[in-house]
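Trainee: mmCIF, C-alpha atoms, saved as my_file.cif, coming up:
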```
data_coords
#
loop_
_atom_site.label_atom_id
_atom_site.label_comp_id
_atom_site.auth_asym_id
_atom_site.auth_seq_id
_atom_site.Cartn_x
_atom_site.Cartn_y
_atom_site.Cartn_z
CA MET A 787 6.31 19.17 1.04
CA ALA A 788 9.25 18.08 -1.03
CA MET A 789 12.08 15.87 0.09
CA GLU A 790 15.44 15.24 -1.52
CA ALA A 791 16.25 11.90 -3.06
CA ALA A 792 19.54 11.76 -1.16
CA VAL A 793 17.67 12.13 2.14
CA ILE A 794 15.30 9.30 1.25
CA GLU A 795 18.23 7.08 0.33
CA LYS A 796 20.09 7.92 3.53
CA LEU A 797 17.09 7.14 5.72
CA ILE A 798 16.42 3.82 4.02
CA LYS A 799 20.06 2.80 4.32
CA GLU A 800 20.15 3.76 7.98
CA GLY A 801 17.07 1.65 8.62
CA ILE A 802 18.13 -1.26 6.41
CA PRO A 803 21.95 -1.21 6.40
CA ASP A 804 22.49 -3.80 3.65
CA ALA A 805 19.97 -2.18 1.28
CA THR A 806 20.73 -1.06 -2.24
CA VAL A 807 18.58 1.92 -3.10
CA GLU A 808 17.84 3.30 -6.55
CA ILE A 809 15.71 6.41 -6.70
CA ALA A 810 14.19 8.13 -9.70
CA ASP A 811 12.59 11.56 -9.51
CA LEU A 812 9.54 10.86 -11.65
CA ARG A 813 8.51 14.41 -12.43
CA GLY A 814 11.60 16.36 -11.52
CA ASP A 815 9.63 18.20 -8.85
CA GLY A 816 11.21 16.61 -5.79
CA ASP A 817 7.84 15.25 -4.80
CA HIS A 818 7.15 12.16 -6.87
CA TYR A 819 9.73 9.41 -6.58
CA ALA A 820 10.11 5.81 -7.52
CA ALA A 821 12.43 3.71 -5.38
CA LEU A 822 13.78 0.23 -5.88
CA VAL A 823 15.07 -1.17 -2.62
CA THR A 824 16.99 -4.43 -2.69
CA SER A 825 17.97 -6.16 0.53
CA ALA A 826 18.72 -9.68 1.70
CA SER A 827 16.76 -8.90 4.86
CA PHE A 828 13.55 -9.00 2.78
CA LYS A 829 14.03 -12.71 2.25
CA GLY A 830 11.11 -14.81 3.43
CA LYS A 831 8.95 -11.75 4.04
CA SER A 832 5.73 -10.85 2.24
CA ARG A 833 5.56 -7.76 0.04
CA VAL A 834 3.52 -6.00 2.67
CA GLN A 835 6.16 -6.74 5.31
CA GLN A 836 8.97 -5.62 2.97
CA HIS A 837 7.27 -2.31 2.29
CA GLN A 838 6.53 -1.88 5.99
CA MET A 839 10.26 -2.21 6.69
CA VAL A 840 11.00 0.58 4.22
CA TYR A 841 8.23 2.76 5.67
CA ALA A 842 9.62 2.15 9.15
CA ALA A 843 13.04 3.32 7.92
CA LEU A 844 11.39 6.49 6.63
CA GLN A 845 10.27 7.20 10.20
CA GLY A 846 6.78 8.42 9.54
CA ARG A 847 7.64 10.67 6.61
CA MET A 848 5.85 8.45 4.13
CA GLY A 849 2.38 9.78 3.53
CA GLY A 850 3.30 13.11 5.05
CA GLU A 851 6.40 14.94 3.86
CA LEU A 852 6.86 12.27 1.27
CA HIS A 853 3.67 12.36 -0.68
CA ALA A 854 4.38 9.97 -3.50
CA LEU A 855 6.95 7.22 -3.41
CA ALA A 856 6.32 4.36 -5.79
CA LEU A 857 8.06 1.51 -4.07
CA THR A 858 9.41 -1.75 -5.40
CA THR A 859 11.23 -4.14 -3.12
CA ALA A 860 13.37 -7.08 -4.10
CA VAL A 861 15.66 -9.71 -2.65
CA PRO A 862 19.10 -9.80 -4.30
CA GLU A 863 19.83 -12.83 -6.42
CA GLY A 864 21.55 -15.59 -4.55
CA ALA A 865 20.52 -14.25 -1.12
CA MET B 277 -3.66 4.14 20.65
CA VAL B 278 -6.36 3.74 18.07
CA ASP B 279 -9.90 4.43 19.21
CA GLN B 280 -11.62 1.10 19.86
CA THR B 281 -14.78 2.07 17.99
CA ILE B 282 -12.64 2.79 14.91
CA VAL B 283 -10.92 -0.59 15.24
CA ASP B 284 -14.28 -2.31 15.59
CA ARG B 285 -15.53 -0.55 12.49
CA ILE B 286 -12.46 -1.56 10.47
CA LYS B 287 -12.75 -5.17 11.64
CA GLN B 288 -16.44 -5.24 10.78
CA ASP B 289 -15.64 -3.96 7.28
CA ILE B 290 -12.73 -6.26 6.49
CA ASN B 291 -14.29 -9.35 8.05
CA GLY B 292 -17.73 -8.72 6.59
CA ASN B 293 -16.56 -8.16 3.02
CA ASP B 294 -14.22 -10.35 0.98
CA VAL B 295 -12.52 -7.42 -0.69
CA VAL B 296 -12.32 -3.93 0.83
CA LEU B 297 -10.51 -0.95 -0.62
CA TYR B 298 -9.82 2.01 1.63
CA MET B 299 -9.28 4.83 -0.80
CA LYS B 300 -9.36 8.53 -1.49
CA GLY B 301 -12.70 9.22 -3.13
CA THR B 302 -15.17 6.60 -4.28
CA PRO B 303 -14.84 3.80 -6.86
CA VAL B 304 -16.91 5.89 -9.24
CA PHE B 305 -15.02 9.08 -8.50
CA PRO B 306 -11.51 8.39 -7.18
CA GLN B 307 -9.79 11.54 -5.96
CA CYS B 308 -6.21 10.33 -6.26
CA GLY B 309 -4.32 8.62 -9.06
CA PHE B 310 -3.13 5.77 -6.86
CA SER B 311 -6.67 5.00 -5.70
CA ALA B 312 -7.90 5.22 -9.29
CA ALA B 313 -5.22 2.77 -10.40
CA VAL B 314 -6.28 0.14 -7.87
CA VAL B 315 -9.97 0.61 -8.72
CA GLY B 316 -8.93 0.07 -12.35
CA VAL B 317 -7.13 -3.16 -11.52
CA LEU B 318 -10.02 -4.52 -9.44
CA SER B 319 -12.52 -3.63 -12.14
CA HIS B 320 -10.35 -5.25 -14.75
CA VAL B 321 -10.06 -8.42 -12.70
CA GLY B 322 -13.82 -8.31 -12.32
CA VAL B 323 -14.00 -8.64 -8.56
CA GLN B 324 -16.67 -7.04 -6.41
CA PHE B 325 -15.32 -4.88 -3.63
CA LYS B 326 -16.44 -2.46 -0.98
CA GLY B 327 -14.88 0.97 -1.43
CA VAL B 328 -14.48 3.14 1.67
CA ASN B 329 -13.72 6.83 1.21
CA ILE B 330 -11.23 7.78 3.92
CA LEU B 331 -11.40 11.45 2.96
CA GLU B 332 -14.84 11.58 4.53
CA ASP B 333 -13.61 10.39 7.90
CA PRO B 334 -10.35 11.75 9.36
CA GLY B 335 -10.65 9.47 12.39
CA LEU B 336 -10.88 6.39 10.22
CA ARG B 337 -8.01 7.63 8.07
CA GLN B 338 -5.69 8.01 11.06
CA GLY B 339 -6.97 4.86 12.73
CA LEU B 340 -6.30 2.74 9.66
CA LYS B 341 -2.71 3.94 9.38
CA GLU B 342 -2.07 2.65 12.87
CA PHE B 343 -4.24 -0.46 12.58
CA SER B 344 -2.48 -1.65 9.43
CA ASN B 345 0.96 -0.14 10.09
CA TRP B 346 0.68 1.29 6.60
CA PRO B 347 1.09 5.04 6.07
CA THR B 348 -0.65 5.66 2.77
CA PHE B 349 -3.84 5.03 0.82
CA PRO B 350 -5.19 3.11 -0.98
CA GLN B 351 -5.06 -0.02 1.18
CA LEU B 352 -6.49 -3.25 -0.19
CA TYR B 353 -7.78 -5.94 2.15
CA VAL B 354 -8.71 -9.43 1.03
CA LYS B 355 -10.46 -11.72 3.52
CA GLY B 356 -9.44 -9.50 6.40
CA GLU B 357 -5.78 -9.30 5.45
CA LEU B 358 -3.82 -6.33 4.14
CA VAL B 359 -2.57 -7.10 0.65
CA GLY B 360 -0.90 -3.75 0.15
CA GLY B 361 -1.07 -0.39 -1.55
CA CYS B 362 -1.04 0.64 -5.16
CA ASP B 363 2.49 -0.54 -6.00
CA ILE B 364 1.96 -4.02 -4.58
CA VAL B 365 -1.47 -4.43 -6.13
CA ARG B 366 -0.19 -3.39 -9.53
CA GLU B 367 2.85 -5.64 -9.30
CA MET B 368 0.70 -8.59 -8.21
CA TYR B 369 -1.80 -7.97 -10.96
CA GLU B 370 0.90 -7.85 -13.64
CA SER B 371 2.45 -11.10 -12.44
CA GLY B 372 -0.93 -12.80 -12.08
CA GLU B 373 -0.47 -13.22 -8.31
CA LEU B 374 -3.49 -11.09 -7.47
CA GLN B 375 -5.78 -13.20 -9.63
CA GLN B 376 -4.27 -16.31 -8.04
CA LEU B 377 -4.75 -14.93 -4.53
CA LEU B 378 -8.42 -14.22 -5.20
CA ALA B 379 -8.89 -17.68 -6.72
CA ASP B 380 -7.14 -19.33 -3.76
CA LYS B 381 -9.42 -17.48 -1.36
CA GLY B 382 -12.47 -18.60 -3.32
CA ILE B 383 -13.47 -15.10 -4.38
CA LYS B 384 -15.41 -14.85 -7.60
CA THR B 385 -13.90 -12.84 -10.41
CA GLY B 386 -15.21 -12.00 -13.83
CA ALA B 387 -11.90 -12.50 -15.59
CA ALA B 388 -10.32 -15.79 -16.56
CA VAL B 389 -7.42 -16.63 -14.27
#
```
What is this file in structure tokens?

Mentor:
Amino acid sequence: MAMEAAVIEKLIKEGIPDATVEIADLRGDGDHYAALVTSASFKGKSRVQQHQMVYAALQGRMGGELHALALTTAVPEGA
Amino acid sequence: MVDQTIVDRIKQDINGNDVVLYMKGTPVFPQCGFSAAVVGVLSHVGVQFKGVNILEDPGLRQGLKEFSNWPTFPQLYVKGELVGGCDIVREMYESGELQQLLADKGIKTGAAV
């Protein structure tokens, strides 16, 4: 099932308030996205933990409604 | 709660094998692009791994999601620890971190690190 990029961004920002979210619709089908999430709260956390934070923000939609989200997480420079 | 027999099975797999990939399909016949990509990386690095096809076992599939707090597949485990899914594995491979992790854990690879 498809999900709108704006909804994904909103959920991530609700879960991680200081996050910057960039989303690209990879195929233009509303089903395959790439997201770059940058947040100071990722600092000191492993990649697995960073991605788990994003998945938690997506409240169980990842892997279900949201079939394909290529995820990259980063800590902002200077954080 | 995850069924205890499923948890036991997962623990047996990830503690009994240095590198385990829970995936859709098999290493020879991956049934999802993300799983295929990780198989490709592992093959390229030259590391032996146990592939487990989660499509054959819905209980295991659901159990793993809860066990690892990770909603999607593939899931790569090294020495009992979740390394991540396709995005993380690819990123780590490109930066050389994956090769370094395997070397640090004393796991034999066919490629020069």

Trainee: Between B:Gly360, B:Gly316, B:Gly386, B:Pro334, single out the one closest to chain A, counting all atoms listed in the file.

Mentor: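 When distances to chain A are compared using all atoms listed in the file, the smallest one comes from B:Gly360.
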
Trainee: Would you give me, as an mmCIF file with C-alpha atoms, in the frame of the given file, the residues of chain A that come within 7 Å of chain B, using all atoms listed in the file?

Mentor:
```cif
data_model
loop_
_atom_site.group_PDB
_atom_site.id
_atom_site.type_symbol
_atom_site.label_atom_id
_atom_site.label_comp_id
_atom_site.auth_asym_id
_atom_site.auth_seq_id
_atom_site.Cartn_x
_atom_site.Cartn_y
_atom_site.Cartn_z
ATOM 1 C CA ARG A 833 5.560 -7.760 0.040
ATOM 2 C CA VAL A 834 3.520 -6.000 2.670
ATOM 3 C CA GLN A 838 6.530 -1.880 5.990
ATOM 4 C CA MET A 848 5.850 8.450 4.130
ATOM 5 C CA GLY A 849 2.380 9.780 3.530
ATOM 6 C CA ALA A 856 6.320 4.360 -5.790
ATOM 7 C CA LEU A 857 8.060 1.510 -4.070
#
```

Trainee: What is the atom CA of Leu297 of chain B-atom CA of Ser371 of chain B distance in Å, reported with one decimal?

Mentor: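 For atom CA of Leu297 of chain B relative to atom CA of Ser371 of chain B, the distance reads 20.3 Å.
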
Trainee: Residue by residue, what does the PyMOL selection byres ((chain A and resi 865) around 9) grab here? Present the result as a list in words.

Mentor: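 So the PyMOL selection byres ((chain A and resi 865) around 9) ends up selecting Ser825, Ala826, Ser827, Lys829, Val861, Pro862, Glu863 and Gly864 of chain A.
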
Trainee: Fewer than 3 positions away in the same chain doesn't count, so skip those; otherwise give me all residues within 10 Å of Val304 of chain B, counting all atoms listed in the file, as a ChimeraX atom specification.

Mentor: /B:301,307,312,315,327

Trainee: Identify which of the residues B:Ile383, B:Ile286, B:Val321, B:Leu331 lies closest to Pro306 of chain B, counting all atoms listed in the file when measuring atom-to-atom distances.

Mentor: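 The answer is B:Leu331, which sits nearest to Pro306 of chain B.
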
Trainee: What's the separation between atom CA of Pro350 of chain B and atom CA of Ile330 of chain B, in Å to one decimal place?

Mentor: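 Separation of atom CA of Pro350 of chain B and atom CA of Ile330 of chain B: 9.1 Å.
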
Trainee: For Leu855 of chain A, work out the shell of residues within 9 Å, counting all atoms listed in the file and skipping chain neighbours fewer than 6 positions away, then give it as a PDB file with C-alpha atoms, in the frame of the given file.

Mentor:
```
ATOM      1  CA  ASP A 817       7.840  15.250  -4.800  1.00  0.00           C
ATOM      2  CA  HIS A 818       7.150  12.160  -6.870  1.00  0.00           C
ATOM      3  CA  TYR A 819       9.730   9.410  -6.580  1.00  0.00           C
ATOM      4  CA  ALA A 820      10.110   5.810  -7.520  1.00  0.00           C
ATOM      5  CA  ALA A 821      12.430   3.710  -5.380  1.00  0.00           C
ATOM      6  CA  MET A 848       5.850   8.450   4.130  1.00  0.00           C
ATOM      7  CA  GLY A 849       2.380   9.780   3.530  1.00  0.00           C
TER       8      GLY A 849
END
```

Trainee: Can you list what the PyMOL selection byres ((chain A and resi 792) around 12) grabs from this structure, as a list in words?

Mentor: Met789, Glu790, Ala791, Val793, Ile794, Glu795, Lys796, Leu797, Ile798, Lys799, Val807, Glu808, Ile809, Ala810, Asp811, Gly816, Tyr819 and Ala821 of chain A

Trainee: So which residues touch Gly322 of chain B within 9 Å, counting all atoms listed in the file, skipping near sequence neighbours fewer than 5 positions away, as a list in words?

Mentor: Val317, Lys384, Thr385, Gly386 and Ala387 of chain B

Trainee: Between atom CA of Asp289 of chain B and atom CA of Val328 of chain B, measure the distance and give it in Å to one decimal.

Mentor: 9.1 Å

Trainee: Given 3 Å of margin on each side, can you work out the centre and size in Å (one decimal) of an axis-aligned box holding every listed atom of segment 374-381 of chain B, as lines of an AutoDock Vina configuration file?

Mentor:
```
center_x = -6.5
center_y = -15.2
center_z = -5.5
size_x = 11.9
size_y = 14.2
size_z = 14.3
```

Trainee: Any chance you could resolve the PyMOL selection byres ((chain A and resi 859) around 7) against this file and give the residues as a list in words?

Mentor: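 Selected by the PyMOL selection byres ((chain A and resi 859) around 7) in this file: Leu822, Val823, Thr824, Gln836, His837, Leu857, Thr858 and Ala860 of chain A.
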
Trainee: Determine, counting all atoms listed in the file, which protein, DNA and RNA residues have an atom within 9 Å of an atom of Lys381 of chain B; residues of the same chain fewer than 3 positions away are not included. Present the result as a list in words.

Mentor: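 Close residues of Lys381 of chain B: Asp294, Val354, Lys355, Gln376, Leu377 and Leu378 of chain B.
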